[in-house]
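Step one of this worksheet: look at the structure below.
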Amino acid sequence: MKGQRLGWAPYALLLPSLVFLAVFFAAPMVQAFGLAFQNDAGNWSLESWRTMFADAQFREALVTTLILIVILIPVQFVLAMAMALVINARLKWSGLWLYIYAIPLGISELAAGIIWFAIFTQQGWLNSILEGLGILDRPYIFLNYQNPAWLISAVVLAEAWRATSIIMIILVAGLQGIPRDFFEAADVFGATSWQKVRRVILPMLRPSVQVALILRTILAFQAFAVVIALAGGGLTVLSSEAYRWYSDYRDSHVAAAYAGFILMLSVVSTILFLWLLPVREEQQG
Amino acid sequence: MTSIARDLPAAPRVDREAVAARQARARRRMLGRGLLYAAAVLLALWVLFPIYLITITAFSPRDAVYDYPKQLIPGTLSAETMRFFVDAEGVLGALWNSVLVAVVTLIFSTLIGAPAGYALARFAFRGRDAFRLIVLSTRAFPIVILSIPLAVSFIEWGIYDTIWSVALMHTALALPFTVLITSSIFISVPRDLEEAALTLGCTPATAFVKVVLPLALPGLAAASIFTFVLSWNEVFAAVILTLRERTLPALVLAALNQSPVPFRLAAGWFMLAPSLIFIFVIRRYLLGLWGRVSR
Amino acid sequence: MAEIRLQGITKIFDKKVRAVDEVDLTIADREFMVLLGPSGCGKTTLMRMIAGLEYPEHGRVSIGNRDVTDLPPRRRDISMVFQSYAVFPHLTVFDNVAFGLRMKNIAKAEIKRRVEGAAELVQLGPYLERYPAQLSGGQRQRVAVARAIVMEPAVLLMDEPLSNLDALLRLNFRAELKRLVGELKTTTIYVTHDQVEAMSLGDRIAVMREGRIVQCGTPMEIYDRPANRFVGGFIGSPPMNFLSGRIERSNGHLQVGLGDQMLTVPATLGGRTAGEVLVGIRAENIEAEAAPAEGAIAARTEVVEPLGSHLLVTAAVGDQKLKIQARTDFPARPDAPLWLRPEPDKLRWFDPESGQEIDAR
């Protein structure tokens, strides 16, 4: 804009963040690669990968992580869409609804895990309520390591409760980008609410949906504290394996292999979403 | 003339039908509105009810935490459980560390990220799209993959197990958001205003200070709060990069399985409470901050 | 003395788009110069280069015999009124107007006196303590003007200052602006795409197209003798009529044939004696007759638009259309024949290929 006069200015402004990202992003990435593909002696080897794949916990962690994602993402998407449509309907106190739905945005995984622990624990709220309603006659132990279905359900609920708001915000922002005329035009043509959602809203929201799904899936691969808070050692996911190998076994090579594996899954899922939900050029906002 | 006269008697009937149809439409509308409000309330309860539950538990007397079955309307409220948590060993120190880390993260990421955000917002330069892409792509990298090698580096640099290592790590996590968020904030300050200041005797620097900054300040404050929350909540890097100098989440996580239930629940409430306030403070900026940036 | 001299100014965007192409223009001290052209013609870019908000790839800008090509805006002694007003929303009207004076470290009492003076000139006196959000669009525009004139600049630049106002407000403010600038006697450059605004305000108008100045002259010159087909078509409402004809010679006289009718022509047609030619004539320079008359061209009425002060008649000569301004008592009816008598000295001639005017005198 300022022509040749200040041609260097933008680069000077970018420099600090480029340097920082190089030192604290690019360099650790390279190091992680090195850690994962080297053994203790510093030689190139696939030892840590072999250790990882051979570990009894690996399969369990991978399966649990995948189950979590496969259940969690659709549940969250439907919930977030419902919230976004409610907000977009411009009810009274729309600011209040938005605030309430956005509250979990500021809540950490750990706090959410503890909150749902209070609900699911043996002397917790779920048992109290179910007994109060006469459905149970004595407390049921939901969070039992012999009961992985309940452990996974608790984690899914806690994560759905906590992390739906980010999808909701992205969808609301996307909805607000759709001109009101479209909805009115749909009304004129007598579209039902369901038709409006399916034929007008979803296609036009596609870029936002794509971003939300990618972002949420990447974050779901990193689920960690919520699992520890709810299931303790009863359930393991990929991130908690990385943590265990680093802090309990003091083996940063295998930990790095886990990290690399998570990164790989993130990249694959991103490519998958880009491929499944192609966004045309003119839809990019 | 005659044809009009013949049609006349029919007209009131058409009117009645139209009125009936209109009423039916209005009823359906009312019903639709009603369903929407019901959905709104239900979704709000879904979010608020767990918060209510943890709050009444965290503020019941210590023994009552173990009470069963629990009462939805608490008998006695007490700060005893909270006091027990705050007085527990290491909690105050960890709390202080959390605040320090968040503040340092905030300062670092703003000082480093905001200039880049400004450059993205105001200049058309070669490499602009490439830079945006780099910043966006950093989001694909899990914290896990950065924390482990950085822990190794921090040990070498001698800042392992200090607030600085956690703050640097959190800055790395927050920086991409800061760059994109500040860029969208600066874009929202019309360029004309800056140019008007230039024609009225400002240098680019004074134009920024006197015009851009005051107008961007509310947005920047909201972005800062967001960075603060991000750091306040982060636990994986914090627990890997510290041993004694724990932040609050790191302390709670590391002690979780050995700690008594009242400690855990009080900790949960304590970590949750600031977010309620922070999200309330920046509620008007949420869509602008997150919605735009996530594109 | 603030004469503005532009020499060979060229601005290239994205390495290929020549937004402003080799422009030479001299604006006299105290002159009100309007840069007029359709959107994308480079007029705003040219003004921004005078302001110092853009820098030309080639050429020099000088203001009052001082070469300012490489100076930033603050060293050029200019003020600018922006299309969007660019009033600072975080400052009161007073602080907005005082903004530039404060940057110059002028004494407080002096600032107060000058701000109040400028506010008085644009009738903002009672609003000094308000914030822009509490003002109407028209009032914000006044703040922008006051903020520019209070600087007492050598050059006042205005970029489409009226385009965001509604029609009535625009009409009133235009006259006010003319009075104001007339009193200030500051060299002024005014960018607009509205030819009526250009005609009403400018001492001279520079008509731009595709980065070049195609004609520069007083409003009447430009209206009366457009340098080419583009200017004739751009200025005036309705635009100038253009009819194509062919030059013929009979009995030693030049004539131009429009279909099967002949139009008498001035003695020379720039030396042309044959070939095609484009005839330009404005709607108000054609007399309409309801009955055949000597030397009048037969035409057919197509559309009649009563505009209060006159009728705007669209007529067809052969298969060519033209618009005529007729008196309100003219008995025009669609499909009725009518006869047209153009004022001979108002006929303009253009080369059909290049569109340039042919000097027929």
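By order of appearance in the structure tokens: chains A, B, ..., then residues from 1 within every chain, and ligands from 1 in the order shown.
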
If you take only C-alpha atoms and a cut-off of 6 Å, which residues of chain B touch chain C, and what are their nearest atom pairs and distances in Å to one decimal, in chain and number order, as JSON lines?
```
{"residue": "B:Asp192", "atom": "CA", "partner": "C:Ala86", "partner_atom": "CA", "distance": 5.5}
{"residue": "B:Leu193", "atom": "CA", "partner": "C:Ala86", "partner_atom": "CA", "distance": 4.9}
{"residue": "B:Thr199", "atom": "CA", "partner": "C:Pro73", "partner_atom": "CA", "distance": 5.1}
{"residue": "B:Leu200", "atom": "CA", "partner": "C:Gly100", "partner_atom": "CA", "distance": 4.5}
{"residue": "B:Gly201", "atom": "CA", "partner": "C:Arg74", "partner_atom": "CA", "distance": 4.2}
```

Create the file for the chosen residues now, containing N, CA and C atoms and written as a PDB file, in the first residue's frame.
```pdb
ATOM      1  N   ASP B 192      -8.817   4.499   6.263  1.00  0.00           N
ATOM      2  CA  ASP B 192      -9.021   5.935   6.047  1.00  0.00           C
ATOM      3  C   ASP B 192      -8.644   6.751   7.261  1.00  0.00           C
ATOM      4  N   LEU B 193      -8.983   6.230   8.455  1.00  0.00           N
ATOM      5  CA  LEU B 193      -8.718   6.994   9.680  1.00  0.00           C
ATOM      6  C   LEU B 193      -7.223   7.201   9.850  1.00  0.00           C
ATOM      7  N   THR B 199      -2.430  12.774   6.981  1.00  0.00           N
ATOM      8  CA  THR B 199      -2.552  14.066   6.312  1.00  0.00           C
ATOM      9  C   THR B 199      -2.660  15.199   7.329  1.00  0.00           C
ATOM     10  N   LEU B 200      -2.917  14.858   8.590  1.00  0.00           N
ATOM     11  CA  LEU B 200      -3.062  15.908   9.609  1.00  0.00           C
ATOM     12  C   LEU B 200      -1.787  16.046  10.443  1.00  0.00           C
ATOM     13  N   GLY B 201      -0.673  15.600   9.899  1.00  0.00           N
ATOM     14  CA  GLY B 201       0.591  15.879  10.554  1.00  0.00           C
ATOM     15  C   GLY B 201       1.187  14.724  11.338  1.00  0.00           C
TER      16      GLY B 201
END
```

Using only C-alpha atoms and a cut-off of 7 Å, which residues of chain A sit close to chain B? Please list them as a PDB file with C-alpha atoms, in the first residue's frame.
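Saved file part-v4.pdb follows:
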```
ATOM      1  CA  MET A   1       0.000   0.000   0.000  1.00  0.00           C
ATOM      2  CA  PRO A  10       5.931  -5.389   6.921  1.00  0.00           C
ATOM      3  CA  LEU A  13       6.944  -6.330  11.779  1.00  0.00           C
ATOM      4  CA  LEU A  14       6.830 -10.027  10.940  1.00  0.00           C
ATOM      5  CA  PRO A  16       9.815 -11.241  15.747  1.00  0.00           C
ATOM      6  CA  SER A  17       7.051 -13.784  15.240  1.00  0.00           C
ATOM      7  CA  LEU A  21       8.025 -19.619  15.577  1.00  0.00           C
ATOM      8  CA  PHE A  24       9.681 -22.670  19.466  1.00  0.00           C
ATOM      9  CA  PHE A  25       7.821 -24.373  16.668  1.00  0.00           C
ATOM     10  CA  PRO A  28      11.083 -28.621  18.324  1.00  0.00           C
ATOM     11  CA  MET A  29       9.366 -30.224  15.345  1.00  0.00           C
ATOM     12  CA  GLN A  31      13.932 -32.295  17.316  1.00  0.00           C
ATOM     13  CA  ALA A  32      10.810 -34.377  17.842  1.00  0.00           C
ATOM     14  CA  VAL A  86     -31.203 -21.121  18.213  1.00  0.00           C
ATOM     15  CA  TYR A  99     -22.976 -16.128  26.533  1.00  0.00           C
ATOM     16  CA  ILE A 100     -24.346 -19.244  28.205  1.00  0.00           C
ATOM     17  CA  TYR A 101     -23.493 -21.497  25.284  1.00  0.00           C
ATOM     18  CA  ILE A 103     -19.157 -20.407  28.786  1.00  0.00           C
ATOM     19  CA  GLY A 106     -13.117 -20.819  28.828  1.00  0.00           C
ATOM     20  CA  ILE A 107     -13.215 -24.061  30.801  1.00  0.00           C
ATOM     21  CA  SER A 108     -10.182 -26.322  30.727  1.00  0.00           C
ATOM     22  CA  ALA A 111     -11.833 -28.612  35.108  1.00  0.00           C
ATOM     23  CA  ILE A 114     -13.444 -32.829  37.463  1.00  0.00           C
ATOM     24  CA  ILE A 115     -16.949 -31.403  37.051  1.00  0.00           C
ATOM     25  CA  ALA A 118     -18.492 -35.004  40.520  1.00  0.00           C
ATOM     26  CA  GLN A 123     -21.374 -40.735  45.678  1.00  0.00           C
ATOM     27  CA  TRP A 125     -24.943 -36.516  41.373  1.00  0.00           C
ATOM     28  CA  SER A 128     -28.197 -39.317  43.707  1.00  0.00           C
ATOM     29  CA  TRP A 161     -20.159 -30.482  27.257  1.00  0.00           C
ATOM     30  CA  ILE A 169     -19.043 -20.071  17.744  1.00  0.00           C
ATOM     31  CA  ILE A 170     -17.566 -20.938  14.365  1.00  0.00           C
ATOM     32  CA  ALA A 173     -20.062 -16.680  12.772  1.00  0.00           C
ATOM     33  CA  VAL A 211     -12.959 -25.495   9.667  1.00  0.00           C
ATOM     34  CA  ILE A 218      -7.182 -32.155  15.851  1.00  0.00           C
ATOM     35  CA  GLN A 222      -4.962 -34.448  22.064  1.00  0.00           C
ATOM     36  CA  GLY A 232      -7.572 -42.239  36.142  1.00  0.00           C
ATOM     37  CA  SER A 239      -1.725 -38.349  24.582  1.00  0.00           C
ATOM     38  CA  SER A 252      11.462 -39.247  25.435  1.00  0.00           C
ATOM     39  CA  ALA A 256       8.172 -38.495  20.681  1.00  0.00           C
ATOM     40  CA  ALA A 259       3.611 -37.420  19.483  1.00  0.00           C
ATOM     41  CA  GLY A 260       4.607 -38.086  15.878  1.00  0.00           C
ATOM     42  CA  LEU A 263       0.549 -35.550  14.386  1.00  0.00           C
ATOM     43  CA  SER A 266      -4.141 -35.100  12.698  1.00  0.00           C
ATOM     44  CA  GLY A 285     -14.418 -16.141   3.363  1.00  0.00           C
TER      45      GLY A 285
END
```

Proximity of chain C to chain A: per-residue shortest pair, 9 Å limit, only C-alpha atoms, as a Markdown table:
```
| residue | atom | partner | partner_atom | distance |
| --- | --- | --- | --- | --- |
| C:Leu53 | CA | A:Lys2 | CA | 6.9 |
| C:Glu54 | CA | A:Lys2 | CA | 5.9 |
| C:Tyr55 | CA | A:Gly3 | CA | 6.1 |
| C:Pro56 | CA | A:Gly3 | CA | 8.3 |
| C:Glu57 | CA | A:Gln4 | CA | 8.6 |
| C:Asp70 | CA | A:Arg5 | CA | 8.4 |
```

Practice item. Identify which of the residues B:Leu95, B:Leu198, B:Leu213, B:Val189 lies closest to Leu251 of chain B, counting only C-alpha atoms when measuring atom-to-atom distances. Key: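 Among B:Leu95, B:Leu198, B:Leu213, B:Val189, it is B:Leu95 that comes nearest to Leu251 of chain B.
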
Review point. What is the distance, in Å and to one decimal place, between atom CA of Ala283 of chain C and atom CA of Pro306 of chain C?
Key: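 Those two atoms sit 14.2 Å apart.
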
Point to revise | Shell of 9 Å around segment 141-155 of chain A, only C-alpha atoms, local chain residues under 2 positions omitted, as a VMD selection string | key: chain A and resid 64 67 to 68 113 116 to 117 120 to 123 127 139 157 to 160 226 to 227 230 to 235

Go ahead and write the residues just picked, N, CA and C atoms, as a CSV table (one decimal), in the first residue's frame.
```csv
chain,number,residue,atom,x,y,z
A,64,THR,N,-9.3,-46.5,21.8
A,64,THR,CA,-10.1,-45.6,22.7
A,64,THR,C,-10.1,-44.2,22.0
A,67,ILE,N,-12.4,-44.3,19.0
A,67,ILE,CA,-13.9,-44.4,19.4
A,67,ILE,C,-14.4,-43.1,19.9
A,68,LEU,N,-13.5,-42.4,20.8
A,68,LEU,CA,-13.9,-41.1,21.3
A,68,LEU,C,-14.2,-40.2,20.2
A,113,GLY,N,-13.3,-32.3,33.3
A,113,GLY,CA,-13.1,-33.6,33.8
A,113,GLY,C,-13.6,-33.7,35.2
A,116,TRP,N,-17.4,-33.4,35.7
A,116,TRP,CA,-18.1,-34.6,35.3
A,116,TRP,C,-17.8,-35.7,36.3
A,117,PHE,N,-16.6,-35.7,36.9
A,117,PHE,CA,-16.3,-36.6,37.9
A,117,PHE,C,-17.2,-36.5,39.1
A,120,PHE,N,-20.4,-38.3,38.0
A,120,PHE,CA,-20.3,-39.8,37.7
A,120,PHE,C,-19.8,-40.6,38.9
A,121,THR,N,-19.1,-39.9,39.8
A,121,THR,CA,-18.5,-40.7,40.9
A,121,THR,C,-19.6,-41.4,41.7
A,122,GLN,N,-19.1,-42.4,42.5
A,122,GLN,CA,-20.0,-43.3,43.2
A,122,GLN,C,-21.0,-42.5,44.1
A,123,GLN,N,-20.5,-41.5,44.8
A,123,GLN,CA,-21.4,-40.7,45.7
A,123,GLN,C,-21.8,-39.4,45.0
A,127,ASN,N,-25.8,-40.8,40.5
A,127,ASN,CA,-26.4,-41.8,41.4
A,127,ASN,C,-27.5,-41.2,42.3
A,139,PRO,N,-26.2,-47.0,44.8
A,139,PRO,CA,-25.3,-46.4,43.9
A,139,PRO,C,-24.6,-47.4,43.0
A,157,LEU,N,-19.3,-37.4,27.2
A,157,LEU,CA,-20.2,-36.4,27.8
A,157,LEU,C,-19.4,-35.2,28.2
A,158,ALA,N,-18.3,-35.4,29.0
A,158,ALA,CA,-17.6,-34.2,29.5
A,158,ALA,C,-17.0,-33.4,28.3
A,159,GLU,N,-16.5,-34.1,27.3
A,159,GLU,CA,-15.9,-33.4,26.2
A,159,GLU,C,-17.0,-32.7,25.3
A,160,ALA,N,-18.1,-33.4,25.2
A,160,ALA,CA,-19.2,-32.8,24.4
A,160,ALA,C,-19.7,-31.5,25.1
A,226,VAL,N,-8.9,-34.6,30.6
A,226,VAL,CA,-10.2,-35.1,30.9
A,226,VAL,C,-10.3,-36.6,31.1
A,227,VAL,N,-9.4,-37.3,30.4
A,227,VAL,CA,-9.4,-38.8,30.5
A,227,VAL,C,-8.8,-39.1,31.9
A,230,LEU,N,-11.3,-38.3,34.8
A,230,LEU,CA,-12.5,-39.1,34.9
A,230,LEU,C,-12.2,-40.6,35.1
A,231,ALA,N,-11.1,-41.1,34.4
A,231,ALA,CA,-10.9,-42.5,34.4
A,231,ALA,C,-9.6,-42.9,35.1
A,232,GLY,N,-8.8,-41.9,35.5
A,232,GLY,CA,-7.6,-42.2,36.1
A,232,GLY,C,-6.8,-43.1,35.2
A,233,GLY,N,-6.4,-44.3,35.7
A,233,GLY,CA,-5.6,-45.2,34.8
A,233,GLY,C,-6.5,-46.2,34.1
A,234,GLY,N,-7.8,-46.1,34.3
A,234,GLY,CA,-8.8,-47.0,33.8
A,234,GLY,C,-8.9,-46.9,32.3
A,235,LEU,N,-8.5,-45.8,31.7
A,235,LEU,CA,-8.7,-45.6,30.3
A,235,LEU,C,-7.5,-44.9,29.8
```

Point to revise | In segment 63-138 of chain B, DSSP alpha helix (DSSP H) residues written as a ChimeraX atom specification | key: /B:80-87,91-122,128-137

Practice item. Show which residues sit within 9 Å of Gly93 of chain B, as JSON, numbers by chain. Count only C-alpha atoms, and ignore same-chain residues fewer than 3 positions away. Key: {"B": [89, 90, 96, 97, 98, 245, 246, 247, 248]}
